[in-house]
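**Q** model-v2.cif is reproduced in full below (mmCIF, C-alpha atoms and all ligand atoms).
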```cif
data_coords
#
loop_
_atom_site.group_PDB
_atom_site.id
_atom_site.type_symbol
_atom_site.label_atom_id
_atom_site.label_comp_id
_atom_site.auth_asym_id
_atom_site.auth_seq_id
_atom_site.Cartn_x
_atom_site.Cartn_y
_atom_site.Cartn_z
ATOM 1 C CA SER A 12 -48.017 3.509 12.581
ATOM 2 C CA LEU A 13 -49.212 4.767 9.275
ATOM 3 C CA ALA A 14 -47.333 7.717 7.782
ATOM 4 C CA CYS A 15 -50.358 8.496 5.638
ATOM 5 C CA TYR A 16 -53.051 6.840 3.647
ATOM 6 C CA LEU A 17 -55.732 7.718 1.169
ATOM 7 C CA SER A 18 -58.605 5.296 0.913
ATOM 8 C CA GLY A 19 -61.732 4.864 -1.125
ATOM 9 C CA GLU A 20 -61.452 8.181 -2.909
ATOM 10 C CA LEU A 21 -58.729 7.171 -5.348
ATOM 11 C CA ASP A 22 -59.365 5.879 -8.857
ATOM 12 C CA VAL A 23 -55.995 5.166 -10.462
ATOM 13 C CA GLU A 24 -56.363 3.338 -13.748
ATOM 14 C CA PRO A 25 -53.883 1.175 -15.694
ATOM 15 C CA GLY A 26 -51.069 3.229 -17.197
ATOM 16 C CA GLU A 27 -51.513 6.104 -14.745
ATOM 17 C CA CYS A 28 -48.820 6.845 -12.202
ATOM 18 C CA ILE A 29 -48.779 7.350 -8.445
ATOM 19 C CA LYS A 30 -45.715 9.370 -7.429
ATOM 20 C CA VAL A 31 -44.746 9.265 -3.767
ATOM 21 C CA LYS A 32 -41.975 11.694 -2.891
ATOM 22 C CA GLY A 33 -40.316 11.667 0.504
ATOM 23 C CA LYS A 34 -37.317 11.105 2.700
ATOM 24 C CA ILE A 35 -36.103 7.834 4.168
ATOM 25 C CA GLN A 36 -35.294 8.447 7.822
ATOM 26 C CA SER A 37 -31.610 8.346 8.729
ATOM 27 C CA ASP A 38 -32.182 5.430 11.124
ATOM 28 C CA ALA A 39 -34.821 3.682 9.024
ATOM 29 C CA LYS A 40 -35.412 0.014 9.761
ATOM 30 C CA GLY A 41 -37.877 -0.215 6.877
ATOM 31 C CA PHE A 42 -40.828 1.381 5.166
ATOM 32 C CA ALA A 43 -43.630 0.261 2.917
ATOM 33 C CA VAL A 44 -45.841 1.629 0.173
ATOM 34 C CA ASN A 45 -49.131 -0.255 -0.149
ATOM 35 C CA VAL A 46 -51.523 0.062 -3.087
ATOM 36 C CA GLY A 47 -54.739 -1.787 -3.790
ATOM 37 C CA LYS A 48 -58.406 -1.725 -2.896
ATOM 38 C CA ASP A 49 -58.172 -1.423 0.888
ATOM 39 C CA SER A 50 -55.844 -2.437 3.725
ATOM 40 C CA ASN A 51 -56.869 -6.106 3.433
ATOM 41 C CA THR A 52 -56.708 -6.242 -0.365
ATOM 42 C CA LEU A 53 -53.352 -5.134 -1.706
ATOM 43 C CA MET A 54 -52.096 -5.368 -5.264
ATOM 44 C CA LEU A 55 -48.647 -4.484 -3.966
ATOM 45 C CA HIS A 56 -46.954 -4.138 -0.613
ATOM 46 C CA PHE A 57 -43.551 -2.672 -1.595
ATOM 47 C CA ASN A 58 -41.417 -3.055 1.519
ATOM 48 C CA PRO A 59 -37.745 -2.018 1.489
ATOM 49 C CA ARG A 60 -36.126 -3.420 4.657
ATOM 50 C CA PHE A 61 -32.876 -1.979 5.937
ATOM 51 C CA ASP A 62 -32.888 -4.222 8.982
ATOM 52 C CA CYS A 63 -36.171 -5.746 10.076
ATOM 53 C CA HIS A 64 -38.022 -9.041 10.200
ATOM 54 C CA GLY A 65 -34.617 -10.684 9.835
ATOM 55 C CA ASP A 66 -33.927 -9.038 6.467
ATOM 56 C CA VAL A 67 -31.035 -6.662 5.777
ATOM 57 C CA ASN A 68 -31.081 -4.343 2.744
ATOM 58 C CA THR A 69 -33.805 -6.347 1.024
ATOM 59 C CA ILE A 70 -36.935 -5.290 -0.793
ATOM 60 C CA VAL A 71 -39.826 -7.599 0.029
ATOM 61 C CA CYS A 72 -42.878 -7.402 -2.215
ATOM 62 C CA ASN A 73 -46.159 -9.124 -1.578
ATOM 63 C CA SER A 74 -49.893 -9.043 -2.209
ATOM 64 C CA LYS A 75 -52.672 -9.374 0.334
ATOM 65 C CA GLU A 76 -56.066 -10.957 -0.297
ATOM 66 C CA ASP A 77 -58.828 -11.081 2.321
ATOM 67 C CA GLY A 78 -56.278 -9.944 4.866
ATOM 68 C CA MET A 79 -53.907 -12.854 4.081
ATOM 69 C CA TRP A 80 -50.374 -12.270 2.800
ATOM 70 C CA GLY A 81 -49.439 -14.027 -0.425
ATOM 71 C CA GLU A 82 -46.086 -15.458 -1.454
ATOM 72 C CA GLU A 83 -43.219 -13.033 -0.767
ATOM 73 C CA ASP A 84 -41.010 -11.912 -3.627
ATOM 74 C CA ARG A 85 -37.530 -10.738 -2.546
ATOM 75 C CA LYS A 86 -35.763 -8.458 -5.003
ATOM 76 C CA ALA A 87 -32.019 -8.646 -5.748
ATOM 77 C CA ASP A 88 -31.365 -4.901 -5.922
ATOM 78 C CA PHE A 89 -31.577 -2.493 -3.011
ATOM 79 C CA PRO A 90 -31.165 1.066 -4.406
ATOM 80 C CA PHE A 91 -31.878 2.836 -1.097
ATOM 81 C CA GLN A 92 -29.750 4.463 1.560
ATOM 82 C CA HIS A 93 -30.613 5.982 4.909
ATOM 83 C CA GLY A 94 -31.589 9.615 4.561
ATOM 84 C CA ASP A 95 -32.260 9.398 0.787
ATOM 85 C CA LYS A 96 -34.820 11.745 -0.720
ATOM 86 C CA ILE A 97 -36.624 9.621 -3.285
ATOM 87 C CA GLU A 98 -39.570 9.587 -5.634
ATOM 88 C CA ILE A 99 -41.263 6.248 -6.162
ATOM 89 C CA CYS A 100 -43.539 5.942 -9.219
ATOM 90 C CA ILE A 101 -46.063 3.109 -9.139
ATOM 91 C CA SER A 102 -48.101 2.111 -12.173
ATOM 92 C CA PHE A 103 -49.821 -1.086 -13.246
ATOM 93 C CA ASP A 104 -51.636 -2.941 -15.975
ATOM 94 C CA GLU A 105 -53.687 -6.124 -16.000
ATOM 95 C CA THR A 106 -50.590 -8.310 -15.669
ATOM 96 C CA GLU A 107 -48.200 -6.486 -13.353
ATOM 97 C CA ALA A 108 -47.378 -3.519 -11.148
ATOM 98 C CA THR A 109 -44.238 -1.511 -11.879
ATOM 99 C CA VAL A 110 -42.250 0.450 -9.296
ATOM 100 C CA LYS A 111 -39.949 2.989 -10.950
ATOM 101 C CA LEU A 112 -37.081 4.674 -9.124
ATOM 102 C CA PRO A 113 -34.440 6.940 -10.654
ATOM 103 C CA GLU A 114 -31.961 4.070 -11.095
ATOM 104 C CA ALA A 115 -34.066 0.961 -10.729
ATOM 105 C CA GLU A 116 -37.335 -0.622 -11.764
ATOM 106 C CA PHE A 117 -39.197 -3.498 -10.105
ATOM 107 C CA LYS A 118 -42.085 -5.575 -11.385
ATOM 108 C CA PHE A 119 -44.620 -7.526 -9.346
ATOM 109 C CA PRO A 120 -47.471 -9.628 -10.763
ATOM 110 C CA ASN A 121 -51.017 -8.232 -10.524
ATOM 111 C CA ARG A 122 -52.078 -11.432 -8.761
ATOM 112 C CA LEU A 123 -55.558 -10.167 -7.935
ATOM 113 C CA GLY A 124 -56.229 -8.875 -11.463
ATOM 114 C CA MET A 125 -57.079 -5.476 -10.008
ATOM 115 C CA GLU A 126 -58.411 -2.976 -12.525
ATOM 116 C CA LYS A 127 -57.980 0.150 -10.410
ATOM 117 C CA ILE A 128 -56.141 1.345 -7.334
ATOM 118 C CA GLU A 129 -58.420 2.922 -4.751
ATOM 119 C CA TYR A 130 -56.130 2.707 -1.719
ATOM 120 C CA LEU A 131 -52.644 4.025 -1.021
ATOM 121 C CA ALA A 132 -50.840 3.808 2.300
ATOM 122 C CA VAL A 133 -47.274 4.647 3.266
ATOM 123 C CA GLU A 134 -45.956 3.196 6.513
ATOM 124 C CA GLY A 135 -42.720 2.946 8.439
ATOM 125 C CA ASP A 136 -39.613 5.101 8.538
ATOM 126 C CA PHE A 137 -40.410 7.355 5.591
ATOM 127 C CA LYS A 138 -41.486 11.003 5.680
ATOM 128 C CA VAL A 139 -43.911 11.763 2.855
ATOM 129 C CA LYS A 140 -43.267 15.129 1.160
ATOM 130 C CA ALA A 141 -45.678 14.903 -1.777
ATOM 131 C CA ILE A 142 -48.054 12.540 -3.498
ATOM 132 C CA LYS A 143 -48.860 13.201 -7.154
ATOM 133 C CA PHE A 144 -51.068 11.392 -9.613
ATOM 134 C CA SER A 145 -50.392 11.626 -13.335
HETATM 135 C C1 LIG A 201 -39.048 -16.632 8.987
HETATM 136 C C2 LIG A 201 -40.218 -16.520 9.647
HETATM 137 C C3 LIG A 201 -41.517 -16.565 8.896
HETATM 138 O O1 LIG A 201 -41.375 -15.705 7.737
HETATM 139 C C4 LIG A 201 -41.516 -14.336 8.038
HETATM 140 O O2 LIG A 201 -42.906 -14.096 8.348
HETATM 141 C C5 LIG A 201 -43.128 -12.711 8.687
HETATM 142 C C6 LIG A 201 -44.569 -12.572 9.159
HETATM 143 O O3 LIG A 201 -45.461 -12.870 8.091
HETATM 144 C C7 LIG A 201 -42.858 -11.851 7.428
HETATM 145 O O4 LIG A 201 -43.010 -10.464 7.781
HETATM 146 C C8 LIG A 201 -44.186 -9.850 7.274
HETATM 147 O O5 LIG A 201 -44.058 -9.741 5.844
HETATM 148 C C9 LIG A 201 -45.180 -9.069 5.251
HETATM 149 C C10 LIG A 201 -44.998 -9.098 3.739
HETATM 150 O O6 LIG A 201 -44.976 -10.452 3.301
HETATM 151 C C11 LIG A 201 -45.239 -7.635 5.776
HETATM 152 O O7 LIG A 201 -44.064 -6.928 5.418
HETATM 153 C C12 LIG A 201 -45.427 -7.677 7.283
HETATM 154 O O8 LIG A 201 -45.384 -6.365 7.835
HETATM 155 C C13 LIG A 201 -46.583 -5.619 7.534
HETATM 156 C C14 LIG A 201 -46.610 -4.336 8.258
HETATM 157 C C15 LIG A 201 -45.550 -3.598 8.654
HETATM 158 N N1 LIG A 201 -46.137 -2.508 9.200
HETATM 159 C C16 LIG A 201 -45.510 -1.376 9.740
HETATM 160 N N2 LIG A 201 -46.163 -0.263 10.162
HETATM 161 N N3 LIG A 201 -45.198 0.587 10.623
HETATM 162 C C17 LIG A 201 -43.999 -0.056 10.439
HETATM 163 N N4 LIG A 201 -42.760 0.440 10.779
HETATM 164 N N5 LIG A 201 -44.174 -1.263 9.881
HETATM 165 N N6 LIG A 201 -47.477 -2.593 9.143
HETATM 166 N N7 LIG A 201 -47.766 -3.725 8.577
HETATM 167 C C18 LIG A 201 -44.278 -8.473 7.908
HETATM 168 O O9 LIG A 201 -44.564 -8.641 9.307
HETATM 169 C C19 LIG A 201 -41.403 -12.063 7.015
HETATM 170 O O10 LIG A 201 -41.146 -11.329 5.812
HETATM 171 C C20 LIG A 201 -41.153 -13.542 6.770
HETATM 172 N N8 LIG A 201 -39.723 -13.761 6.475
HETATM 173 C C21 LIG A 201 -39.339 -14.682 5.581
HETATM 174 C C22 LIG A 201 -37.847 -14.803 5.365
HETATM 175 O O11 LIG A 201 -40.145 -15.368 4.973
#
```
Can the structure in the file be given as structure tokens, please?
**A**
Amino acid sequence: SLACYLSGELDVEPGECIKVKGKIQSDAKGFAVNVGKDSNTLMLHFNPRFDCHGDVNTIVCNSKEDGMWGEEDRKADFPFQHGDKIEICISFDETEATVKLPEAEFKFPNRLGMEKIEYLAVEGDFKVKAIKFS
């Protein structure tokens, strides 16, 4: 179930920011923010997991190329709690994507060498309040 997605009409360039504001559901199992070219070609699948796919309180990041998942990257920090209202800021350059939160920052390599983000999708137990581009 996709909370929302914008596809094909976006043109986010290096250094620009995608701000996704919303609320993590109080019984969230997990949610994901996906950015890239389309649903089969993702620069970043940013997937905080409270309790799903066998992971507890773990952020799983990955890329997707031609519909195939890449190598997962599990982050050490988990700065999320059920019911949190958060704003996630995603930016990128030729080498990496950056996910900025109020008290944490995560990096993930730009494995596909993407030069623009045309696709954004939010899925899972997260209620989107606003999406801003700056
Ligand atoms: C140990 C068994 C084999 O490894 C497991 O393999 C699973 C399947 O590939 C991995 O889960 C996938 O991991 C992907 C990132 O690498 C994605 O997170 C994938 O979920 C994609 C997804 C979720 N959703 C979704 N829509 N709405 C909701 N709630 N979820 N839509 N697409 C997950 O199903 C899972 O992360 C992986 N676990 C480990 C420890 O490697």
**Q** Name all residues at most 10 Å from stretch 91-107 of chain A (count all atoms listed in the file; drop same-chain ones fewer than 5 positions away) and give them as a compact mmCIF listing (two decimals) with C-alpha atoms, keeping the file's coordinate frame.
**A**
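Printed below is result34.txt as written:
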```
# COMPACT_ATOMS: atom_id res chain seq x y z
CA VAL A 23 -56.00 5.17 -10.46
CA GLU A 24 -56.36 3.34 -13.75
CA PRO A 25 -53.88 1.18 -15.69
CA GLY A 26 -51.07 3.23 -17.20
CA GLU A 27 -51.51 6.10 -14.74
CA CYS A 28 -48.82 6.84 -12.20
CA ILE A 29 -48.78 7.35 -8.44
CA LYS A 30 -45.72 9.37 -7.43
CA VAL A 31 -44.75 9.26 -3.77
CA LYS A 32 -41.98 11.69 -2.89
CA GLY A 33 -40.32 11.67 0.50
CA LYS A 34 -37.32 11.10 2.70
CA ILE A 35 -36.10 7.83 4.17
CA GLN A 36 -35.29 8.45 7.82
CA SER A 37 -31.61 8.35 8.73
CA ASP A 38 -32.18 5.43 11.12
CA ALA A 39 -34.82 3.68 9.02
CA LYS A 40 -35.41 0.01 9.76
CA GLY A 41 -37.88 -0.22 6.88
CA VAL A 44 -45.84 1.63 0.17
CA VAL A 46 -51.52 0.06 -3.09
CA MET A 54 -52.10 -5.37 -5.26
CA LEU A 55 -48.65 -4.48 -3.97
CA PHE A 57 -43.55 -2.67 -1.60
CA PRO A 59 -37.74 -2.02 1.49
CA ARG A 60 -36.13 -3.42 4.66
CA PHE A 61 -32.88 -1.98 5.94
CA ASN A 68 -31.08 -4.34 2.74
CA THR A 69 -33.80 -6.35 1.02
CA ILE A 70 -36.94 -5.29 -0.79
CA LEU A 112 -37.08 4.67 -9.12
CA PRO A 113 -34.44 6.94 -10.65
CA GLU A 116 -37.34 -0.62 -11.76
CA PHE A 117 -39.20 -3.50 -10.10
CA LYS A 118 -42.08 -5.58 -11.38
CA PHE A 119 -44.62 -7.53 -9.35
CA PRO A 120 -47.47 -9.63 -10.76
CA ASN A 121 -51.02 -8.23 -10.52
CA ARG A 122 -52.08 -11.43 -8.76
CA LEU A 123 -55.56 -10.17 -7.94
CA GLY A 124 -56.23 -8.88 -11.46
CA MET A 125 -57.08 -5.48 -10.01
CA GLU A 126 -58.41 -2.98 -12.52
CA LYS A 127 -57.98 0.15 -10.41
CA ILE A 128 -56.14 1.34 -7.33
CA ASP A 136 -39.61 5.10 8.54
CA PHE A 137 -40.41 7.36 5.59
CA LYS A 138 -41.49 11.00 5.68
CA VAL A 139 -43.91 11.76 2.86
CA LYS A 140 -43.27 15.13 1.16
CA ALA A 141 -45.68 14.90 -1.78
CA ILE A 142 -48.05 12.54 -3.50
CA LYS A 143 -48.86 13.20 -7.15
CA PHE A 144 -51.07 11.39 -9.61
CA SER A 145 -50.39 11.63 -13.34
```
**Q** For ligand LIG 201 (chain A), return the neighbouring residues as a VMD selection string (distance at most 10 Å; only C-alpha atoms and all ligand atoms).
**A** chain A and resid 12 to 14 39 to 45 50 55 to 60 63 to 66 70 to 75 79 to 85 132 to 137
**Q** Evaluate the PyMOL selection byres (((chain A and resi 77) around 6) and not hetatm) against this structure - the residues, as a PyMOL selection string, please.
**A** chain A and resi 51-52+76+78-79
**Q** Interatomic distance between atom CA of A:Thr109 and atom CA of A:Asp22?
**A**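 About the pair atom CA of A:Thr109 and atom CA of A:Asp22: they are 17.1 Å apart.
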**Q** Would you mind reading off the distance between atom CA of A:Gly47 and atom CA of A:Leu21, one decimal, in Å?
**A** 9.9 Å
